[in-house]
Amino acid sequence: MQMNEPEAHFGTTPARRETGAVILDLKNISLSFGGVKALTDISFDVRQHEIRAIIGPNGAGKSSMLNVINGVYRPQQGEIVYRGEVRRNMDCHAAAKSGIARTFQNIALFKGMTVLDNIMTGRNLKMTSNFLMQALYWGPARREEIAHRIKAEEIIDFLEIQAIRKTPVGRLPYGLQKRVELGRALAAEPEILLLDEPMAGMNVEEKQDMCRFILDVNDQFGTTIVLIEHDMGVVMDISDRVVVLDYGKKIGDGTPDEVRGNQDVINAYLGVGC
Amino acid sequence: MAAPYLSVNNVEVIYDHVILVLKGVSLQVPQGKIVALLGANGAGKSTTLKTISTLLRGERGDVTKGEVQFKGERIDQLTPNELVRRGLSQVMEGRHCFGHLTIEENLLTGAYTRNASRSELKASLEKVYHYFPRLRERRGSQAGYTSGGEQQMCAIGRALMARPSMILLDEPSMGIAPQIVEEIFGIVKDLNSKENVSFLLAEQNTSIALRYADFGYILENGRVVMEGAAADLSCNEDVKEFYLGVSGAGRKSFRDMKFYRRRKRWLA
Amino acid sequence: MLMNFFFEVLIGGLLSGVMYALVAIGFVLIYKASGVFNFAQGAMVYFAALTCVGVMDKLGVSLWIALPITVAVMIVLGLAIERVVLRPLVNQPEITLFMATIGLAFFIEGLAQLMFGAQVRKLELPIEDVPSQYLMDNYNILVSQFDIMAAAVCGLLVTTLALLFSKTKVGRALRAVADDHQAALAVGIPLQRIWAVLWAVAGLVALVAGMLWGARNGVQFALTFVALKALPVLILGGFTSMPGAIVGGLIIGASEKLAEVYIGPIVGGGIEGWFPYVLALLFLLVRPEGLFGEKIIRRI
Amino acid sequence: MLYREAGQFKTSYQADGQIFPILQDRIALLALMAVAIVAVPLLASPYALSAILIPFLIFSLAAIGLNILTGYAGQLSLGTAAFMAVGAFASYNFILRIPGLPVLLAFVLGGLSAALVGIAFGLPSLRIRGFYLAAATLATQFFVVWCLTKIPYLTNYSSSGVITAQPIVILGYVFDTPASKYLLVLAVVAVMALLAKNMIRSNVGRSWMAVRDMDVAAEVIGFRLMRTKLLAFAVSSFYCGVAGALYAYAYLGTVEPEAYNLDLSFRILFMIIIGGVGSVLGSFLGAAFIVLLPVMLNIVAHSLALPTSVASNLELMVFGALIIFFLIVEPHGLARLWQIGKEKLRLWPFPH
Amino acid sequence: QPAEQYIALPSYRVGPYAAGGSGFYGGIIDYFNLVNLSGGVNGVKISWEECETEYNPSRGVECYERLKTKNGGATLVEPLSTGVAYGILDRLAVDKIPMTMIGYGRSDAANGKVFPYVFPLITSYWNQAAAMIKYLGDKEGGMAKLKGKKIVHLYHDSAFGKEPLPVLEALSKQYGFELIKIPVTPPGSEQQSQWLQIRQAKPDHVILWGWGSMNAVAIKTAQRNGFPREKILGVWWAGSEEDTVPTGDAAKGYSAMTFNTPGNYPVLDEIRKKLYDAGKGNMADASRIGSVYHMRGVSAAILWVEAIRTAQEKFGKGKRITGEQMRWGLENLNVDEARQKAIGAFGMLPVVKTSCEDHEGSGAVKVQQWDGKKWNAVTPNWIVGDKALTRQLLEESSAAYAAEKKITPACAK
Ligand SMILES: Nc1ncnc2c1ncn2[C@@H]1O[C@H](COP(=O)(O)OP(=O)(O)OP(=O)(O)O)[C@@H](O)[C@H]1O
Ligand SMILES: Nc1ncnc2c1ncn2[C@@H]1O[C@H](COP(=O)(O)OP(=O)(O)OP(=O)(O)O)[C@@H](O)[C@H]1O
Ligand SMILES: [Mg+2]
Ligand SMILES: [Mg+2]
């Protein structure tokens with residue numbers, strides 16, 4: 001019986017992890033849409049196991065940055081070095097295949113499907129049986145489905161959303177949808193997880209939960225995390241390094257404390273009294 | 001306390017004929033006050049606001065009990081258009097900008113119910129642009145292509161264009177950079193004190209909401225479980241712990257939250 | 001001689017295109033307002049034309065008396081549709097609204113025939129469908145004077161509607177409604193009233209189309225099929241654009257005629273049925289929203 | 001307390017992944033199948049079998065096919081009848097030209113031919129969406145019927161372009177009575193519905209729904225848009241193709257290409273919208289609605305002793321009005337209505 | 001309770017072809033009522049039931065199945081729709097119910113050895129096509145004059161429009177006229193390109209093989225392009241008031257085939273007097289009495305009633321006959337001039353005499369011309385084309401069908 005309380009390994013206190021070598025390196029990325037310059041000559045890197053935050057005022061180009069990383073947008077200039085491979089740009093599917101998963105700012109769940117199905121979609125790249133086998137739902141296909149179902153249930157337990165597993169996601173309140181979206185991304189067992197404002201629209205308590213989930217993922221699986229968030233408390237508390245964007249340009253990069261002290265950042269983003 | 005400007009009396013809401021979401025919610029907004037509606041995800045805040053603005057019908061929700069009054073008249077049978085005419089505007093959760101319209105056109109649709117002259121419109125636009133300079137820069141882009149925060153500003157600006165006397169704000173701070181959040185609440189306060197606009201705001205960012213609001217309601221599982229002056233609420237220990245994230249020992253780092261806490265509920 | 005024939009085919013095609021555009025306009029109106037393809041447009045064309053001749057027949061009045069009566073009927077129909085069908089379906093999926101218009105089509109077809117019978121009728125407009133002598137004599141090109149009038153009417157209609165919907169408040173509101181019903185309601189756009197007006201206008205456009213097509217082909221059930229001719233026009237021109245309806249109509253009309261005449265004989269003829277669709281499809285591959293349609297926004 | 005899932009705990013994911021997780025549903029389904037297989041052929045009149053049940057089942061199959069494409073993969077199509085026509089005419093030609101080819105295999109080959117055509121005409125869907133795609137699929141409809149009238153080879157040079165379905169013989173048994181044809185159709189439809197249900201609850205089905213709900217996100221999490229959409233077109237056309245072959249072989253007998261006209265495409269589309277977009281059950285309910293309602297209306301109208309033309313027109317009006325009525329009651333179709341009914345029943349006797 | 005002779009009428013009174021359907025079935029029912037008023041056929045009243053098919057094959061099949069078992073079983077069926085007729089073709093022999101296909105459907109069904117239960121009564125498409133060429137030849141002053149002439153076959157691009165091609169092609173070879181085939185995509189609401197092509201080709205004659213709204217459009221488009229209507233000859237499905245009235249004066253001079261002679265007949269007067277004046281007419285509009293479709297319906301009913309009479313003579317007067325017996329009646333029909341006179345329909349339809357080999361029974365047609373108000377016959381005599389040719393085609397085609405269906409051709413008893 002698998003549908004019980006969370007497995008122990010999710011709940012234990014993590015040891016402080018080490019951040020490692022550079023896994024993702026973005027070099028001189030520029031991106032524009034017609035006349036709008038969304039990103040101008042931005043370079044930064046992400047190390048293995050770290051939590052890397054991107055902050056900046058609205059419209060600074062944070063989401064665009066994530067879109068570049070996982071291949072939704074193709075930058076006009078610059079290159080991406082991922083796990084030592086140099087790429088001019090990513091392609092969505094290749095990015096997913098090579099272990100980049102993400103969540104979206106405007107929730108992009110599959111509205112007509114249940115929570116469980118949404119999370120199962122996250123595992124699609126790990127499924128190998130062809131559609132004929134699936135149609136017969138027999139032998140390997142069936143075993144595969146059940147094996148992946150077990151994984152999905154683990155994630156459901158981990159995120160504490162057991163009660164809603166069969167609910168169509170369209171009916172869920174905003175905050176839970178965000179959680180489901182995280183679940184879907186986790187289901188892919190990614191190497192890098194890109195999170196676009198995972199805590200928007202949550203109250204403190206829920207944010208605390210969410211932080212916990214993110215930290216645990218980071219600790220337990222060693223997943224590298226790139227995070228966009230407007231809640232400075234969260235960013236300062238959980239991230240290892242922070243990039244600050246403003247008007248498509250990078251105006252700061254460093255540890256939370258360094259960034260907090262950076263006058264440009266204060267002017268552009270944090271405002272006084274922070 | 002002044003006579004209620006807006007009052008919701010014991011409403012019960014069912015979605016899709018089977019999902020009971022509001023189980024008898026009552027609340028009042030006095031004229032010229034800011035009232036905060038707080039509560040966890042799924043507590044029914046958005047539903048309450050949609051009930052007031054009668055937008056519920058489009059989502060297959062039914063008000064099965066209770067009534068809503070605005071300026072002393074029942075409004076639950078009116079069309080949203082009529083409500084806007086009477087001065088009640090809503091900013092919906094999740095932005096809902098018109099993707100194909102430019103930011104400026106979006107703002108102009110907000111003034112649909114006003115038979116305003118060109119110059120009046122221009123003045124109103126200027127005011128919104130003054131509040132949100134970012135929108136001025138992006139005025140010509142289609143809203144569908146703008147960033148999340150820009151859309152949120154656009155949605156708020158659009159509601160302001162109707163010059164309402166009462167605004168229902170659903171999570172205005174969502175996805176907005178911190179200093180703009182402060183600005184938005186500044187605008188709320190500003191409109192409230194200068195133009196006597198009343199507000200009912202559903203907000204997750206409890207600390208800032210209680211800072212600006214006069215009065216607060218806490219909603220849980222479709223019921224009002226606590227109400228009181230904002231100042232009282234922010235001193236309440238439970239509220240402090242669950243909604244403000246501060247316990248006796250002061251604010252804790254998000255990194256140090258060790259265990260998943262089972263939420264304490266006022267009503268199980 | 002060959003050149004001359006080419007031009008005749010071309011002109012004939014362009015004029016047919018105008019007739020298609022006339023029907024397409026009705027679709028565009030509704031699509032603009034609700035993002036839905038109005039399946040009942042063809043039925044409305046039939047209903048309008050049949051009502052007009054039916055009134056002339058039953059009351060024994062002239063066209064000039066029957067026409068205003070029909071205008072009134074079409075307006076009432078538009079208002080009724082909004083009240084009974086659309087209002088309860090605000091904010092529902094597009095496919096649901098689409099299906100509702102299908103139900104509507106059945107209803108209107110039944111109603112029209114119930115009131116006025118199913119037989120084929122003649123509708124005579126004061127202008128005859130014969131080649132214009134003037135053009136024949138001076139340019140040796142054969143164009144029906146009826147077609148010239150149809151083109152004029154269509155041009156007028158499109159210009160008026162396009163002006164009405166381009167920069168005005170109503171035009172903006174329409175686009176808003178098509179984007180998001182809920183949000184449109186929230187900002188106070190009187191969705192119901194707008195729909196009612198637009199359906200009434202669509203009814204009037206259907207009346208114009210019905211009169212012209214009816215005078216040409218007789219008032220009969222087959223008028224409901226002219227909608228099929230308008231479809232490729234719509235996808236080519238873009239579902240949301242008035243000028244698109246005209247330009248699309250002209251392109252489709254001209255190219256389908258040229259194709260039938262010059263390519264048809266090679267492959268066995270009768271290609272007019274699918275050629276416009278294939279042509280429109282090729283266009284769509286380049287511009288998925290048609291020539292003038294609104295770009296579909298896909299941003300995450 | 002008749003309809004409760006309370007107390008039915010699932011002890012494995014396998015059990016939880018069942019098509020009908022609730023015991024009462026399973027019992028009901030078994031009972032239904034038993035009735036369909038045993039009681040119906042024994043008790044139903046030839047009229048009910050050959051004029052109602054057979055077309056109902058065939059239309060259900062076509063509706064499942066369209067539902068896979070439109071309901072699950074989100075690609076609105078108006079070319080269903082064309083795929084049915086391909087299935088029918090291809091089966092006819094396979095049987096005609098390959099002596100001794102088993103009929104069922106011919107149906108499969110017919111379905112595969114339809115699938116190929118489906119893939120070809122599905123290619124534009126990679127760029128075109130929504131009503132634009134729907135209108136564009138009309139190209140399929142007109143082009144296929146045009147081909148069938150233009151290429152005499154396909155109709156075996158019959159002077160009128162009409163084909164006559166060969167007798168259905170499987171392992172020496174001739175399916176010529178209404179009951180036997182009914183059982184054959186039932187078997188095919190039941191098996192294919194089961195396969196469809198399996199696909200839908202597996203990864204393919206999820207890939208379709210993901211593409212339907214949000215294609216960009218689907219791409220980002222690793223589904224390949226092209227493969228997913230084309231697979232949907234292929235599977236859907238396969239279903240339609242088999243349905244088309246059954247339509248010719250088990251129902252009409254002699255068919256002209258015109259029998260697969262736009263009107264038929266629309267009828268199938270009505271079925272899925274009325275029944276429920278994205279629901280296998282809905283395909284059946286919708287088919288029942290569209291097949292049965294006109295018949296019932298016709299019977300009612302005649303019993304009123306109205307003049308026939310009045311009755312016929314009233315029938316049409318009531319049909320249209322009922323469609324609208326049901327949509328207003330439940331925009332998501334009869335399947336959703338059914339589901340809500342069940343949910344209410346589950347709560348009964350407590351209102352909420 | 002006296003026995004009733006029950007006939008199934010899967011009819012259509014809504015949809016695109018409702019105009020024709022209401023006239024045709026109206027004519028049938030009017031004649032039935034008339035017969036019943038005078039006591040039925042030797043005392044056997046005729047009963048019937050209608051069912052709306054909307055011209056849709058699938059609904060037609062349902063109607064047939066529903067109607068066939070009622071009232072003790074149907075003994076005849078007539079769907080007036082090719083698609084529906086095909087859908088029930090295979091069921092007829094099993095159910096032992098004869099079907100008539102008056103003026104439509106596959107021409108080779110006239111071979112009763114292969115299609116025992118199918119009766120394309122009066123005339124088939126092939127005989128019509130042959131008669132058309134015969135008429136055009138006569139008009140030119142002899143078949144030999146057809147040599148070098150151009151004839152356009154403007155046709156509904158469907159099985160229906162292509163049906164006469166074997167005959168036309170054979171005749172074009174035989175007489176040396178050029179046959180130009182121009183298809184019109186159904187429903188044919190736009191024909192500008194076709195008529196420009198026709199004008200370009202400058203043909204001597206145009207055969208309009210159209211159906212439904214296509215006909216009016218063809219005539220109107222001819223007018224628009226200044227093509228003389230006198231050169232157009234339509235098939236009988238392009239030769240009713242429904243096809244010409246909507247075109248107004250544009251159809252003046254246009255002629256079309258028919259298997260009824262336009263005019264008034266005593267039987268129509270009776271219908272007018274006994275039924276419509278008493279408010280019992282089937283059509284809403286009494287002015288449609290004697291219209292082409294109505295008369296076609298009356299003719300159909302006349303032939304059926306005669307078949308019943310014939311069968312009763314063999315199987316027992318005053319008794320209800322079965323479907324099988326009805327089949328015999330239809331196969332041994334002889335509605336000669338004397339019989340027509342007795343009915344009050346002399347000359348309204350050609351003489352029909354059927355046999356096992358010939359379920360058609362006639363093949364004779366007339367040409368009628370529209371004068372702007374009504375149809376007038378332009379050929380005083382019935383025209384018959386090259387029946388030897390059509391017979392040969394019929395034998396070949398039905399043999400192929402029999403082979404495909406594994407039927408051994410034989411006359412039923
Ligand atoms: N597809 C696009 N087409 C046109 N402009 C775009 C597109 N994507 C982004 N932009 C523009 O690029 C800029 C950066 O957008 P982005 O979404 O990256 O901002 P962001 O930093 O995520 O802001 P927020 O915090 O408000 O979400 C914005 O001004 C936006 O309007
Ligand atoms: N259209 C709908 N159909 C069915 N259930 C719904 C619908 N909309 C909301 N609900 C349900 O109603 C409950 C209350 O939702 P509501 O959106 O009002 O919550 P909320 O307090 O605004 O939450 P959040 O803070 O996440 O916005 C939720 O449990 C949700 O699942
Ligand atoms: Mg963003
Ligand atoms: Mg909410």
# chains A, B, ... in the order shown; residues from 1 in each chain; ligands from 1

$ residues_around --residues "Gly140 in chain B" --least-positions-apart "2" --cutoff "12 Å" --atoms "only C-alpha atoms" --output "list in words"
Gly35 and Val36 of chain A; His100, Leu101, Thr102, Ile103, Glu104, Glu105, Asn106, Leu107, Arg134, Leu135, Arg136, Glu137, Arg138, Gln142, Ala143, Gly144, Tyr145 and Thr146 of chain B

$ residues_near_ligand --ligand "ligand 2" --cutoff "7 Å" --atoms "only C-alpha atoms and all ligand atoms" --output "list of chain:residue names"
A:Arg171, A:Leu172, A:Pro173, A:Tyr174, A:Gly175, A:Leu176, A:Gly201, A:Met202, B:Tyr15, B:Asp16, B:Ile19, B:Val21, B:Gly39, B:Ala40, B:Asn41, B:Gly42, B:Ala43, B:Gly44, B:Lys45, B:Ser46, B:Thr47, B:Thr48, B:Glu59, B:Arg60, B:Gly61, B:Gln204

$ atom_distance --atom1 "atom 30 (C, counted along the ligand's line) of ligand 1" --atom2 "CA of Lys62 in chain A"
9.6 Å

$ residues_around --residues "range 221-225 of chain A" --least-positions-apart "5" --cutoff "8 Å" --atoms "only C-alpha atoms" --output "list in words"
Arg47, Gln48, His49, Glu50, Ile51, Arg52, Pro190, Glu191, Ile192, Leu193, Leu194, Leu195 and Asp216 of chain A

$ atom_distance --atom1 "CA of Trp199 in chain C" --atom2 "CA of Val23 in chain C"
14.2 Å

$ interface_residues --of "chain C" --to "chain B" --cutoff "7 Å" --atoms "only C-alpha atoms" --output "PyMOL selection string"
chain C and resi 90-91+172-173+176+179-180+182-183+185-190+297+299

$ residues_near_ligand --ligand "ligand 1" --cutoff "9 Å" --atoms "only C-alpha atoms and all ligand atoms" --output "ChimeraX atom specification"
/A:31-39,54-67,73,105-106,196-197,228-230,245-248 /B:134,137-138,141-152,175-177 /C:297-300

$ interface_residues --of "chain D" --to "chain A" --cutoff "10 Å" --atoms "only C-alpha atoms" --output "VMD selection string"
chain D and resid 10 to 17 72 191 to 192 194 to 207 209 to 225 231 235 278

$ closest_residue --among "B:Glu183, B:Glu227, B:Asp190, B:Asp214" --to "chain A" --atoms "only C-alpha atoms"
B:Glu183

$ residues_around --residues "Lys189 in chain B" --least-positions-apart "5" --cutoff "12 Å" --atoms "only C-alpha atoms" --output "list in words"
Gly32, Lys33, Ile34, Val35, Glu182, Glu183, Ile184, Lys194, Glu195, Asn196, Val197, Ser198, Phe199, Ile208, Ala209, Arg211, Tyr212, Ala213 and Asp214 of chain B

$ write_last_selection --atoms "N, CA, C and O atoms" --output "PDB file, in the first residue's frame"
ATOM      1  N   GLY B  32     -16.023  54.430   2.417  1.00  0.00           N
ATOM      2  CA  GLY B  32     -14.739  55.082   2.614  1.00  0.00           C
ATOM      3  C   GLY B  32     -13.743  54.286   3.422  1.00  0.00           C
ATOM      4  O   GLY B  32     -12.799  54.846   3.970  1.00  0.00           O
ATOM      5  N   LYS B  33     -13.979  52.996   3.541  1.00  0.00           N
ATOM      6  CA  LYS B  33     -13.036  52.181   4.315  1.00  0.00           C
ATOM      7  C   LYS B  33     -12.368  51.148   3.424  1.00  0.00           C
ATOM      8  O   LYS B  33     -12.850  50.823   2.339  1.00  0.00           O
ATOM      9  N   ILE B  34     -11.274  50.636   3.930  1.00  0.00           N
ATOM     10  CA  ILE B  34     -10.601  49.546   3.235  1.00  0.00           C
ATOM     11  C   ILE B  34     -10.776  48.295   4.082  1.00  0.00           C
ATOM     12  O   ILE B  34     -10.435  48.288   5.258  1.00  0.00           O
ATOM     13  N   VAL B  35     -11.345  47.286   3.482  1.00  0.00           N
ATOM     14  CA  VAL B  35     -11.573  46.055   4.217  1.00  0.00           C
ATOM     15  C   VAL B  35     -10.777  44.942   3.562  1.00  0.00           C
ATOM     16  O   VAL B  35     -10.804  44.788   2.337  1.00  0.00           O
ATOM     17  N   GLU B 182       4.187  48.094  -2.662  1.00  0.00           N
ATOM     18  CA  GLU B 182       4.000  49.221  -1.749  1.00  0.00           C
ATOM     19  C   GLU B 182       3.274  50.351  -2.468  1.00  0.00           C
ATOM     20  O   GLU B 182       2.364  50.970  -1.931  1.00  0.00           O
ATOM     21  N   GLU B 183       3.685  50.591  -3.704  1.00  0.00           N
ATOM     22  CA  GLU B 183       3.061  51.669  -4.450  1.00  0.00           C
ATOM     23  C   GLU B 183       1.575  51.415  -4.659  1.00  0.00           C
ATOM     24  O   GLU B 183       0.752  52.306  -4.525  1.00  0.00           O
ATOM     25  N   ILE B 184       1.271  50.176  -5.009  1.00  0.00           N
ATOM     26  CA  ILE B 184      -0.138  49.860  -5.255  1.00  0.00           C
ATOM     27  C   ILE B 184      -0.961  50.120  -4.007  1.00  0.00           C
ATOM     28  O   ILE B 184      -2.016  50.761  -4.052  1.00  0.00           O
ATOM     29  N   LYS B 194      -8.297  60.392  -0.606  1.00  0.00           N
ATOM     30  CA  LYS B 194      -8.584  61.583  -1.403  1.00  0.00           C
ATOM     31  C   LYS B 194      -9.935  61.524  -2.088  1.00  0.00           C
ATOM     32  O   LYS B 194     -10.649  62.501  -2.185  1.00  0.00           O
ATOM     33  N   GLU B 195     -10.255  60.356  -2.614  1.00  0.00           N
ATOM     34  CA  GLU B 195     -11.492  60.309  -3.401  1.00  0.00           C
ATOM     35  C   GLU B 195     -12.561  59.467  -2.732  1.00  0.00           C
ATOM     36  O   GLU B 195     -13.582  59.161  -3.340  1.00  0.00           O
ATOM     37  N   ASN B 196     -12.279  59.092  -1.513  1.00  0.00           N
ATOM     38  CA  ASN B 196     -13.273  58.385  -0.727  1.00  0.00           C
ATOM     39  C   ASN B 196     -13.746  57.078  -1.372  1.00  0.00           C
ATOM     40  O   ASN B 196     -14.910  56.704  -1.290  1.00  0.00           O
ATOM     41  N   VAL B 197     -12.825  56.404  -2.081  1.00  0.00           N
ATOM     42  CA  VAL B 197     -13.171  55.126  -2.701  1.00  0.00           C
ATOM     43  C   VAL B 197     -13.064  54.042  -1.634  1.00  0.00           C
ATOM     44  O   VAL B 197     -12.117  54.020  -0.858  1.00  0.00           O
ATOM     45  N   SER B 198     -14.066  53.164  -1.602  1.00  0.00           N
ATOM     46  CA  SER B 198     -13.998  52.059  -0.636  1.00  0.00           C
ATOM     47  C   SER B 198     -13.364  50.846  -1.316  1.00  0.00           C
ATOM     48  O   SER B 198     -13.474  50.684  -2.526  1.00  0.00           O
ATOM     49  N   PHE B 199     -12.753  50.003  -0.518  1.00  0.00           N
ATOM     50  CA  PHE B 199     -12.086  48.828  -1.080  1.00  0.00           C
ATOM     51  C   PHE B 199     -12.445  47.576  -0.321  1.00  0.00           C
ATOM     52  O   PHE B 199     -12.561  47.595   0.904  1.00  0.00           O
ATOM     53  N   ILE B 208       0.981  43.246   4.608  1.00  0.00           N
ATOM     54  CA  ILE B 208       0.761  44.543   3.995  1.00  0.00           C
ATOM     55  C   ILE B 208      -0.725  44.884   3.955  1.00  0.00           C
ATOM     56  O   ILE B 208      -1.135  46.028   4.163  1.00  0.00           O
ATOM     57  N   ALA B 209      -1.548  43.844   3.762  1.00  0.00           N
ATOM     58  CA  ALA B 209      -2.977  44.110   3.707  1.00  0.00           C
ATOM     59  C   ALA B 209      -3.468  44.682   5.027  1.00  0.00           C
ATOM     60  O   ALA B 209      -4.204  45.661   5.067  1.00  0.00           O
ATOM     61  N   ARG B 211      -1.752  46.173   7.158  1.00  0.00           N
ATOM     62  CA  ARG B 211      -1.131  47.472   7.403  1.00  0.00           C
ATOM     63  C   ARG B 211      -2.001  48.590   6.818  1.00  0.00           C
ATOM     64  O   ARG B 211      -2.158  49.648   7.402  1.00  0.00           O
ATOM     65  N   TYR B 212      -2.583  48.346   5.636  1.00  0.00           N
ATOM     66  CA  TYR B 212      -3.334  49.411   4.979  1.00  0.00           C
ATOM     67  C   TYR B 212      -4.826  49.373   5.270  1.00  0.00           C
ATOM     68  O   TYR B 212      -5.512  50.353   5.098  1.00  0.00           O
ATOM     69  N   ALA B 213      -5.320  48.195   5.667  1.00  0.00           N
ATOM     70  CA  ALA B 213      -6.768  48.072   5.810  1.00  0.00           C
ATOM     71  C   ALA B 213      -7.245  48.655   7.128  1.00  0.00           C
ATOM     72  O   ALA B 213      -6.466  48.855   8.065  1.00  0.00           O
ATOM     73  N   ASP B 214      -8.574  48.948   7.126  1.00  0.00           N
ATOM     74  CA  ASP B 214      -9.169  49.396   8.378  1.00  0.00           C
ATOM     75  C   ASP B 214      -9.736  48.219   9.137  1.00  0.00           C
ATOM     76  O   ASP B 214      -9.793  48.213  10.357  1.00  0.00           O
TER      77      ASP B 214
END

$ residues_around --residues "range 283-297 of chain E" --least-positions-apart "3" --cutoff "6 Å" --atoms "only C-alpha atoms" --output "ChimeraX atom specification"
/E:23-28,240,300

$ select_by_dssp --residues "range 118-158 of chain A" --states "helix (DSSP H, G or I)" --output "count of residues only"
32

$ atom_distance --atom1 "CA of Ala73 in chain D" --atom2 "CA of Tyr247 in chain D"
24.8 Å

$ interface_residues --of "chain C" --to "chain E" --cutoff "9 Å" --atoms "only C-alpha atoms" --output "ChimeraX atom specification"
/C:5,8-9,12-13,16,109-110,113,117-124,129-131,142-146,214-226,229,256-258,260-261,265,268-273

$ write_last_selection --atoms "C-alpha atoms" --output "compact mmCIF listing (two decimals), in the first residue's frame"
# COMPACT_ATOMS: atom_id res chain seq x y z
CA PHE C 5 -11.53 35.38 -72.05
CA GLU C 8 -13.87 37.67 -68.32
CA VAL C 9 -13.09 34.75 -66.09
CA GLY C 12 -16.56 36.99 -63.21
CA GLY C 13 -14.56 35.50 -60.39
CA SER C 16 -18.60 36.08 -57.45
CA GLU C 109 -34.68 26.50 -40.85
CA GLY C 110 -37.69 24.75 -39.40
CA GLN C 113 -40.35 26.64 -43.69
CA GLY C 117 -43.64 26.65 -46.81
CA ALA C 118 -40.82 24.85 -48.51
CA GLN C 119 -41.46 25.64 -52.13
CA VAL C 120 -38.96 27.53 -54.19
CA ARG C 121 -39.82 31.14 -54.77
CA LYS C 122 -38.83 33.92 -57.03
CA LEU C 123 -37.52 37.19 -55.73
CA GLU C 124 -37.33 40.03 -58.17
CA ASP C 129 -29.35 40.07 -64.04
CA VAL C 130 -28.28 40.63 -67.63
CA PRO C 131 -24.98 41.73 -69.13
CA LEU C 142 -19.32 40.88 -70.22
CA VAL C 143 -20.40 41.94 -66.76
CA SER C 144 -23.85 41.62 -65.35
CA GLN C 145 -25.33 44.87 -64.11
CA PHE C 146 -26.73 42.98 -61.17
CA GLY C 214 -32.17 34.98 -53.48
CA ALA C 215 -32.68 37.20 -56.49
CA ARG C 216 -29.90 35.35 -58.20
CA ASN C 217 -30.63 31.76 -57.35
CA GLY C 218 -34.21 31.80 -56.19
CA VAL C 219 -35.34 31.77 -52.61
CA GLN C 220 -34.93 28.19 -51.55
CA PHE C 221 -33.39 26.05 -48.91
CA ALA C 222 -30.13 25.87 -50.82
CA LEU C 223 -29.48 29.44 -49.75
CA THR C 224 -28.30 27.98 -46.49
CA PHE C 225 -25.41 26.41 -48.41
CA VAL C 226 -23.97 29.69 -49.55
CA LYS C 229 -18.79 29.36 -50.07
CA GLU C 256 -11.38 29.40 -57.98
CA LYS C 257 -12.81 30.47 -61.32
CA LEU C 258 -9.42 30.62 -62.94
CA GLU C 260 -11.77 25.66 -62.66
CA VAL C 261 -11.33 27.01 -66.15
CA PRO C 265 -10.19 20.27 -67.45
CA GLY C 268 -11.50 16.07 -64.60
CA GLY C 269 -13.17 19.26 -63.47
CA GLY C 270 -15.39 20.05 -60.54
CA ILE C 271 -12.49 21.24 -58.46
CA GLU C 272 -14.31 24.32 -57.25
CA GLY C 273 -15.51 22.35 -54.27

$ select_by_dssp --residues "range 139-256 of chain D" --states "strand (DSSP E)" --output "VMD selection string"
chain D and resid 163 to 164 168 to 170 173 to 175 254 to 255

$ residues_around --residues "range 366-370 of chain E" --least-positions-apart "4" --cutoff "10 Å" --atoms "only C-alpha atoms" --output "NGL selection string"
:E and (128 or 131-132 or 135 or 229-230 or 233-236 or 239-241 or 244-245 or 249-262 or 349-350 or 374-384)

$ closest_atom_pairs --of "range 12-130 of chain C" --to "range 162-167 of chain C" --cutoff "12 Å" --atoms "only C-alpha atoms" --output "CSV"
residue,atom,partner,partner_atom,distance
C:Ile25,CA,C:Ala162,CA,10.0
C:Val28,CA,C:Ala162,CA,10.7
C:Leu29,CA,C:Phe165,CA,9.5
C:Lys32,CA,C:Phe165,CA,9.5
C:Ala33,CA,C:Phe165,CA,10.5
